[in-house]
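So this block is structure-v6.pdb, PDB, C-alpha atoms:
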ATOM      1  CA  MET A  24      11.798  -8.637 -48.784  1.00  0.00           C
ATOM      2  CA  VAL A  25      12.405 -10.252 -45.387  1.00  0.00           C
ATOM      3  CA  ARG A  26      15.880  -9.639 -43.981  1.00  0.00           C
ATOM      4  CA  ASN A  27      18.187 -12.574 -44.591  1.00  0.00           C
ATOM      5  CA  ASN A  28      20.497 -12.858 -41.569  1.00  0.00           C
ATOM      6  CA  GLN A  29      22.776 -15.470 -43.150  1.00  0.00           C
ATOM      7  CA  LEU A  30      23.567 -13.173 -46.079  1.00  0.00           C
ATOM      8  CA  PHE A  31      23.963 -10.224 -43.711  1.00  0.00           C
ATOM      9  CA  ILE A  32      26.579 -12.191 -41.744  1.00  0.00           C
ATOM     10  CA  GLY A  33      28.203 -13.271 -45.027  1.00  0.00           C
ATOM     11  CA  ALA A  34      28.400  -9.613 -46.073  1.00  0.00           C
ATOM     12  CA  CYS A  35      30.042  -8.641 -42.777  1.00  0.00           C
ATOM     13  CA  LEU A  36      32.570 -11.465 -43.167  1.00  0.00           C
ATOM     14  CA  SER A  37      33.402 -10.430 -46.744  1.00  0.00           C
ATOM     15  CA  PHE A  38      33.867  -6.799 -45.679  1.00  0.00           C
ATOM     16  CA  LEU A  39      36.072  -7.929 -42.781  1.00  0.00           C
ATOM     17  CA  ALA A  40      38.209  -9.972 -45.182  1.00  0.00           C
ATOM     18  CA  ALA A  41      38.490  -6.938 -47.476  1.00  0.00           C
ATOM     19  CA  LEU A  42      39.619  -4.780 -44.534  1.00  0.00           C
ATOM     20  CA  LEU A  43      42.209  -7.368 -43.528  1.00  0.00           C
ATOM     21  CA  HIS A  44      43.579  -7.308 -47.075  1.00  0.00           C
ATOM     22  CA  ILE A  45      43.822  -3.505 -46.931  1.00  0.00           C
ATOM     23  CA  SER A  46      45.592  -3.823 -43.569  1.00  0.00           C
ATOM     24  CA  CYS A  47      48.318  -5.847 -45.300  1.00  0.00           C
ATOM     25  CA  ILE A  48      49.027  -2.914 -47.594  1.00  0.00           C
ATOM     26  CA  LEU A  49      49.169  -0.521 -44.654  1.00  0.00           C
ATOM     27  CA  GLY A  50      51.060  -2.935 -42.384  1.00  0.00           C
ATOM     28  CA  GLY A  51      53.724  -3.769 -44.935  1.00  0.00           C
ATOM     29  CA  PRO A  52      55.807  -6.899 -45.489  1.00  0.00           C
ATOM     30  CA  ASP A  53      55.392  -8.314 -41.981  1.00  0.00           C
ATOM     31  CA  TRP A  54      51.616  -8.215 -42.383  1.00  0.00           C
ATOM     32  CA  TYR A  55      51.791  -9.965 -45.758  1.00  0.00           C
ATOM     33  CA  LEU A  56      53.817 -12.713 -44.065  1.00  0.00           C
ATOM     34  CA  PHE A  57      51.545 -12.928 -41.016  1.00  0.00           C
ATOM     35  CA  PHE A  58      48.418 -13.310 -43.151  1.00  0.00           C
ATOM     36  CA  GLY A  59      50.068 -15.935 -45.345  1.00  0.00           C
ATOM     37  CA  ALA A  60      50.633 -14.088 -48.609  1.00  0.00           C
ATOM     38  CA  GLY A  61      54.005 -15.783 -48.906  1.00  0.00           C
ATOM     39  CA  GLU A  62      57.637 -14.793 -48.854  1.00  0.00           C
ATOM     40  CA  ARG A  63      57.584 -13.526 -52.468  1.00  0.00           C
ATOM     41  CA  MET A  64      54.769 -11.016 -51.823  1.00  0.00           C
ATOM     42  CA  ALA A  65      56.444  -9.828 -48.610  1.00  0.00           C
ATOM     43  CA  GLN A  66      59.762  -9.418 -50.407  1.00  0.00           C
ATOM     44  CA  LEU A  67      58.172  -7.458 -53.252  1.00  0.00           C
ATOM     45  CA  ALA A  68      56.371  -5.239 -50.736  1.00  0.00           C
ATOM     46  CA  SER A  69      59.633  -4.581 -48.885  1.00  0.00           C
ATOM     47  CA  GLU A  70      61.247  -3.559 -52.184  1.00  0.00           C
ATOM     48  CA  GLY A  71      58.450  -1.071 -52.845  1.00  0.00           C
ATOM     49  CA  ASP A  72      57.129  -3.015 -55.836  1.00  0.00           C
ATOM     50  CA  SER A  73      53.538  -2.104 -56.710  1.00  0.00           C
ATOM     51  CA  TYR A  74      52.508  -5.693 -57.521  1.00  0.00           C
ATOM     52  CA  PRO A  75      51.498  -6.719 -53.951  1.00  0.00           C
ATOM     53  CA  THR A  76      49.495  -3.528 -53.518  1.00  0.00           C
ATOM     54  CA  ILE A  77      47.653  -3.943 -56.828  1.00  0.00           C
ATOM     55  CA  VAL A  78      46.867  -7.626 -56.244  1.00  0.00           C
ATOM     56  CA  THR A  79      45.732  -6.948 -52.685  1.00  0.00           C
ATOM     57  CA  LEU A  80      43.537  -4.012 -53.757  1.00  0.00           C
ATOM     58  CA  VAL A  81      41.915  -6.135 -56.474  1.00  0.00           C
ATOM     59  CA  ILE A  82      41.167  -8.893 -53.955  1.00  0.00           C
ATOM     60  CA  ALA A  83      39.777  -6.343 -51.467  1.00  0.00           C
ATOM     61  CA  ALA A  84      37.578  -4.816 -54.198  1.00  0.00           C
ATOM     62  CA  ILE A  85      36.224  -8.224 -55.184  1.00  0.00           C
ATOM     63  CA  LEU A  86      35.486  -9.113 -51.555  1.00  0.00           C
ATOM     64  CA  SER A  87      33.755  -5.754 -51.089  1.00  0.00           C
ATOM     65  CA  GLY A  88      31.649  -6.365 -54.189  1.00  0.00           C
ATOM     66  CA  TRP A  89      30.695  -9.765 -52.794  1.00  0.00           C
ATOM     67  CA  GLY A  90      29.740  -8.059 -49.536  1.00  0.00           C
ATOM     68  CA  LEU A  91      27.504  -5.628 -51.422  1.00  0.00           C
ATOM     69  CA  TYR A  92      25.772  -8.517 -53.204  1.00  0.00           C
ATOM     70  CA  ALA A  93      25.218 -10.242 -49.866  1.00  0.00           C
ATOM     71  CA  LEU A  94      23.760  -7.028 -48.396  1.00  0.00           C
ATOM     72  CA  SER A  95      21.492  -6.777 -51.407  1.00  0.00           C
ATOM     73  CA  GLY A  96      20.356 -10.375 -50.998  1.00  0.00           C
ATOM     74  CA  ALA A  97      19.882  -9.740 -47.280  1.00  0.00           C
ATOM     75  CA  GLY A  98      17.431  -6.955 -48.082  1.00  0.00           C
ATOM     76  CA  VAL A  99      19.594  -4.270 -46.495  1.00  0.00           C
ATOM     77  CA  ILE A 100      20.332  -2.325 -49.690  1.00  0.00           C
ATOM     78  CA  PHE A 101      18.643  -2.059 -53.083  1.00  0.00           C
ATOM     79  CA  LYS A 102      18.481  -5.061 -55.407  1.00  0.00           C
ATOM     80  CA  LEU A 103      21.653  -5.377 -57.483  1.00  0.00           C
ATOM     81  CA  PRO A 104      21.590  -6.734 -61.051  1.00  0.00           C
ATOM     82  CA  LEU A 105      21.772 -10.515 -61.496  1.00  0.00           C
ATOM     83  CA  LEU A 106      21.493 -10.853 -57.718  1.00  0.00           C
ATOM     84  CA  LYS A 107      20.634 -14.544 -57.464  1.00  0.00           C
ATOM     85  CA  THR A 108      23.090 -15.578 -60.188  1.00  0.00           C
ATOM     86  CA  CYS A 109      25.922 -13.614 -58.588  1.00  0.00           C
ATOM     87  CA  LEU A 110      25.182 -15.008 -55.127  1.00  0.00           C
ATOM     88  CA  ILE A 111      25.277 -18.545 -56.533  1.00  0.00           C
ATOM     89  CA  ILE A 112      28.638 -17.839 -58.187  1.00  0.00           C
ATOM     90  CA  ILE A 113      30.076 -16.157 -55.062  1.00  0.00           C
ATOM     91  CA  THR A 114      28.932 -19.093 -52.930  1.00  0.00           C
ATOM     92  CA  ALA A 115      30.524 -21.548 -55.361  1.00  0.00           C
ATOM     93  CA  VAL A 116      33.826 -19.643 -55.386  1.00  0.00           C
ATOM     94  CA  TYR A 117      34.027 -19.560 -51.596  1.00  0.00           C
ATOM     95  CA  LEU A 118      33.179 -23.252 -51.254  1.00  0.00           C
ATOM     96  CA  ILE A 119      35.401 -24.437 -54.121  1.00  0.00           C
ATOM     97  CA  ARG A 120      38.334 -22.385 -52.767  1.00  0.00           C
ATOM     98  CA  GLY A 121      37.713 -23.773 -49.297  1.00  0.00           C
ATOM     99  CA  ILE A 122      37.487 -27.404 -50.353  1.00  0.00           C
ATOM    100  CA  ALA A 123      40.319 -27.172 -52.892  1.00  0.00           C
ATOM    101  CA  GLY A 124      42.562 -25.552 -50.278  1.00  0.00           C
ATOM    102  CA  LEU A 125      41.942 -28.430 -47.892  1.00  0.00           C
ATOM    103  CA  ILE A 126      42.846 -31.008 -50.555  1.00  0.00           C
ATOM    104  CA  GLY A 127      45.277 -29.344 -52.978  1.00  0.00           C
ATOM    105  CA  PRO A 128      48.353 -28.921 -50.780  1.00  0.00           C
ATOM    106  CA  PHE A 129      48.286 -32.636 -49.982  1.00  0.00           C
ATOM    107  CA  ILE A 130      48.060 -33.881 -53.588  1.00  0.00           C
ATOM    108  CA  THR A 131      50.421 -31.558 -55.449  1.00  0.00           C
ATOM    109  CA  ASP A 132      54.077 -30.591 -55.341  1.00  0.00           C
ATOM    110  CA  ASP A 133      53.463 -27.356 -57.275  1.00  0.00           C
ATOM    111  CA  PRO A 134      55.763 -24.649 -55.862  1.00  0.00           C
ATOM    112  CA  VAL A 135      53.012 -22.031 -56.290  1.00  0.00           C
ATOM    113  CA  VAL A 136      50.879 -23.988 -53.816  1.00  0.00           C
ATOM    114  CA  HIS A 137      53.730 -24.727 -51.439  1.00  0.00           C
ATOM    115  CA  GLN A 138      55.009 -21.154 -51.216  1.00  0.00           C
ATOM    116  CA  ASN A 139      52.412 -20.936 -48.425  1.00  0.00           C
ATOM    117  CA  SER A 140      52.437 -23.140 -45.356  1.00  0.00           C
ATOM    118  CA  ILE A 141      50.073 -26.036 -44.729  1.00  0.00           C
ATOM    119  CA  THR A 142      48.768 -24.018 -41.764  1.00  0.00           C
ATOM    120  CA  PHE A 143      47.876 -21.156 -44.125  1.00  0.00           C
ATOM    121  CA  TRP A 144      46.020 -23.508 -46.456  1.00  0.00           C
ATOM    122  CA  ILE A 145      44.069 -25.199 -43.662  1.00  0.00           C
ATOM    123  CA  VAL A 146      43.132 -21.990 -41.811  1.00  0.00           C
ATOM    124  CA  SER A 147      42.245 -19.955 -44.910  1.00  0.00           C
ATOM    125  CA  SER A 148      40.310 -22.871 -46.396  1.00  0.00           C
ATOM    126  CA  ILE A 149      38.246 -23.379 -43.256  1.00  0.00           C
ATOM    127  CA  ILE A 150      37.523 -19.634 -43.281  1.00  0.00           C
ATOM    128  CA  CYS A 151      36.407 -19.831 -46.931  1.00  0.00           C
ATOM    129  CA  CYS A 152      34.173 -22.811 -46.119  1.00  0.00           C
ATOM    130  CA  ILE A 153      32.584 -20.871 -43.237  1.00  0.00           C
ATOM    131  CA  PHE A 154      32.000 -17.829 -45.459  1.00  0.00           C
ATOM    132  CA  GLY A 155      30.643 -20.100 -48.171  1.00  0.00           C
ATOM    133  CA  GLY A 156      28.348 -21.776 -45.667  1.00  0.00           C
ATOM    134  CA  PHE A 157      26.735 -18.455 -44.738  1.00  0.00           C
ATOM    135  CA  TYR A 158      26.390 -17.512 -48.408  1.00  0.00           C
ATOM    136  CA  LEU A 159      24.982 -20.969 -49.229  1.00  0.00           C
ATOM    137  CA  SER A 160      22.340 -20.967 -46.489  1.00  0.00           C
ATOM    138  CA  GLY A 161      21.411 -17.350 -47.205  1.00  0.00           C
ATOM    139  CA  THR A 162      21.235 -17.877 -50.957  1.00  0.00           C
ATOM    140  CA  ILE A 163      19.048 -20.970 -50.529  1.00  0.00           C
ATOM    141  CA  LYS A 164      16.758 -18.955 -48.263  1.00  0.00           C
ATOM    142  CA  LEU A 165      16.608 -16.181 -50.879  1.00  0.00           C
ATOM    143  CA  LEU A 166      15.863 -18.620 -53.704  1.00  0.00           C
ATOM    144  CA  ARG A 167      13.013 -20.185 -51.708  1.00  0.00           C
ATOM    145  CA  GLN A 168      11.308 -16.857 -51.027  1.00  0.00           C
ATOM    146  CA  LYS A 169       8.046 -16.187 -52.812  1.00  0.00           C
ATOM    147  CA  PRO A 170       8.315 -13.233 -55.210  1.00  0.00           C
TER
END

Output the file's structure as structure tokens, nothing else.
Amino acid sequence: MVRNNQLFIGACLSFLAALLHISCILGGPDWYLFFGAGERMAQLASEGDSYPTIVTLVIAAILSGWGLYALSGAGVIFKLPLLKTCLIIITAVYLIRGIAGLIGPFITDDPVVHQNSITFWIVSSIICCIFGGFYLSGTIKLLRQKP
């Protein structure tokens, strides 16, 4: 398999996002606030509640798994099961989250959405769209390869 640079970059971005999530656990409440997790998560972290840690670890694990699938699609590691299907799903999740985050805060009054700032939604959504773009171009390249 020819190395797929777009998926390699996507993998690096996913691993970076996972590391940033882990840094929130290590950095504590101020880091949760800085990275936009919201006042509630920061407050729970300051109280020593395990909820922010568990949620953040789950997100970091998912992002790491996505990074492994991108490395597999990039031809850097062995082929993982359901590779093409998983890459399509991962790409869709990144792009849907990105697009929804650019639209949602402006069309809803839901307090769950508005616990985070508009700046958080715009910045994180653009990041998701960029990640999704690398996954999309890399996945298309992978799907077009001759077996």

Practice problem: Kindly resolve the PyMOL selection byres ((chain A and resi 31-48) around 10) on the present coordinates and return the residues as a PyMOL selection string. | Solution: chain A and resi 26-30+49-58+60+65+68+75-99+114+150-151+153-161

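Applied to this file, the PyMOL selection byres ((chain A and resi 119) around 12) selects the residues Ile111, Ile112, Ile113, Thr114, Ala115, Val116, Tyr117, Leu118, Arg120, Gly121, Ile122, Ala123, Gly124, Leu125, Ile126, Gly127, Ser148, Ile149, Cys151, Cys152, Ile153, Phe154, Gly155 and Gly156 of chain A.
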
Exercise. Could you give me, as a list in words, the residues that have an atom at most 6 Å away from the point (46.1, -26.2, -46.2) in the coordinates of the file, using all atoms listed in the file?
Key: Gly124, Leu125, Pro128, Ile141, Thr142, Phe143, Trp144 and Ile145 of chain A

Exercise. Rounded to one decimal place, report the CA of Glu70 (chain A)-CA of Val135 (chain A) distance in Å.
Key: 20.6 Å

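Distance-wise, CA of Asn139 (chain A) and CA of Gly61 (chain A) end up 5.4 Å apart.
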
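Put simply, CA of His137 (chain A) is 13.8 Å away from CA of Met64 (chain A).
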
Missing atoms in region 142-165 of chain A should be modelled up to N, CA and C atoms and reported as a short mmCIF file (atom, residue, chain, number, x, y, z; two decimals), in the coordinates of the input.
data_model
loop_
_atom_site.label_atom_id
_atom_site.label_comp_id
_atom_site.auth_asym_id
_atom_site.auth_seq_id
_atom_site.Cartn_x
_atom_site.Cartn_y
_atom_site.Cartn_z
N THR A 142 49.62 -24.73 -42.72
CA THR A 142 48.77 -24.02 -41.76
C THR A 142 47.94 -22.94 -42.47
N PHE A 143 48.60 -22.18 -43.36
CA PHE A 143 47.88 -21.16 -44.12
C PHE A 143 46.74 -21.79 -44.91
N TRP A 144 47.04 -22.88 -45.62
CA TRP A 144 46.02 -23.51 -46.46
C TRP A 144 44.86 -24.03 -45.62
N ILE A 145 45.14 -24.64 -44.50
CA ILE A 145 44.07 -25.20 -43.66
C ILE A 145 43.23 -24.07 -43.06
N VAL A 146 43.87 -23.08 -42.47
CA VAL A 146 43.13 -21.99 -41.81
C VAL A 146 42.33 -21.19 -42.83
N SER A 147 42.96 -20.77 -43.92
CA SER A 147 42.24 -19.95 -44.91
C SER A 147 41.13 -20.75 -45.59
N SER A 148 41.34 -22.05 -45.76
CA SER A 148 40.31 -22.87 -46.40
C SER A 148 39.11 -23.08 -45.49
N ILE A 149 39.36 -23.27 -44.21
CA ILE A 149 38.25 -23.38 -43.26
C ILE A 149 37.47 -22.06 -43.23
N ILE A 150 38.18 -20.94 -43.25
CA ILE A 150 37.52 -19.63 -43.28
C ILE A 150 36.65 -19.51 -44.53
N CYS A 151 37.19 -19.89 -45.69
CA CYS A 151 36.41 -19.83 -46.93
C CYS A 151 35.18 -20.74 -46.86
N CYS A 152 35.32 -21.90 -46.27
CA CYS A 152 34.17 -22.81 -46.12
C CYS A 152 33.11 -22.20 -45.20
N ILE A 153 33.53 -21.53 -44.14
CA ILE A 153 32.58 -20.87 -43.24
C ILE A 153 31.86 -19.75 -43.98
N PHE A 154 32.62 -18.91 -44.68
CA PHE A 154 32.00 -17.83 -45.46
C PHE A 154 31.03 -18.43 -46.47
N GLY A 155 31.48 -19.45 -47.17
CA GLY A 155 30.64 -20.10 -48.17
C GLY A 155 29.39 -20.70 -47.57
N GLY A 156 29.50 -21.21 -46.36
CA GLY A 156 28.35 -21.78 -45.67
C GLY A 156 27.27 -20.73 -45.40
N PHE A 157 27.70 -19.54 -44.95
CA PHE A 157 26.74 -18.45 -44.74
C PHE A 157 26.10 -18.02 -46.06
N TYR A 158 26.93 -17.88 -47.10
CA TYR A 158 26.39 -17.51 -48.41
C TYR A 158 25.45 -18.60 -48.93
N LEU A 159 25.82 -19.87 -48.74
CA LEU A 159 24.98 -20.97 -49.23
C LEU A 159 23.62 -20.97 -48.53
N SER A 160 23.62 -20.92 -47.20
CA SER A 160 22.34 -20.97 -46.49
C SER A 160 21.50 -19.72 -46.79
N GLY A 161 22.14 -18.57 -46.88
CA GLY A 161 21.41 -17.35 -47.20
C GLY A 161 20.89 -17.33 -48.62
N THR A 162 21.67 -17.83 -49.56
CA THR A 162 21.24 -17.88 -50.96
C THR A 162 20.09 -18.86 -51.13
N ILE A 163 20.16 -20.01 -50.47
CA ILE A 163 19.05 -20.97 -50.53
C ILE A 163 17.79 -20.33 -49.97
N LYS A 164 17.91 -19.64 -48.86
CA LYS A 164 16.76 -18.95 -48.26
C LYS A 164 16.18 -17.94 -49.24
N LEU A 165 17.04 -17.17 -49.91
CA LEU A 165 16.61 -16.18 -50.88
C LEU A 165 15.90 -16.84 -52.06
#
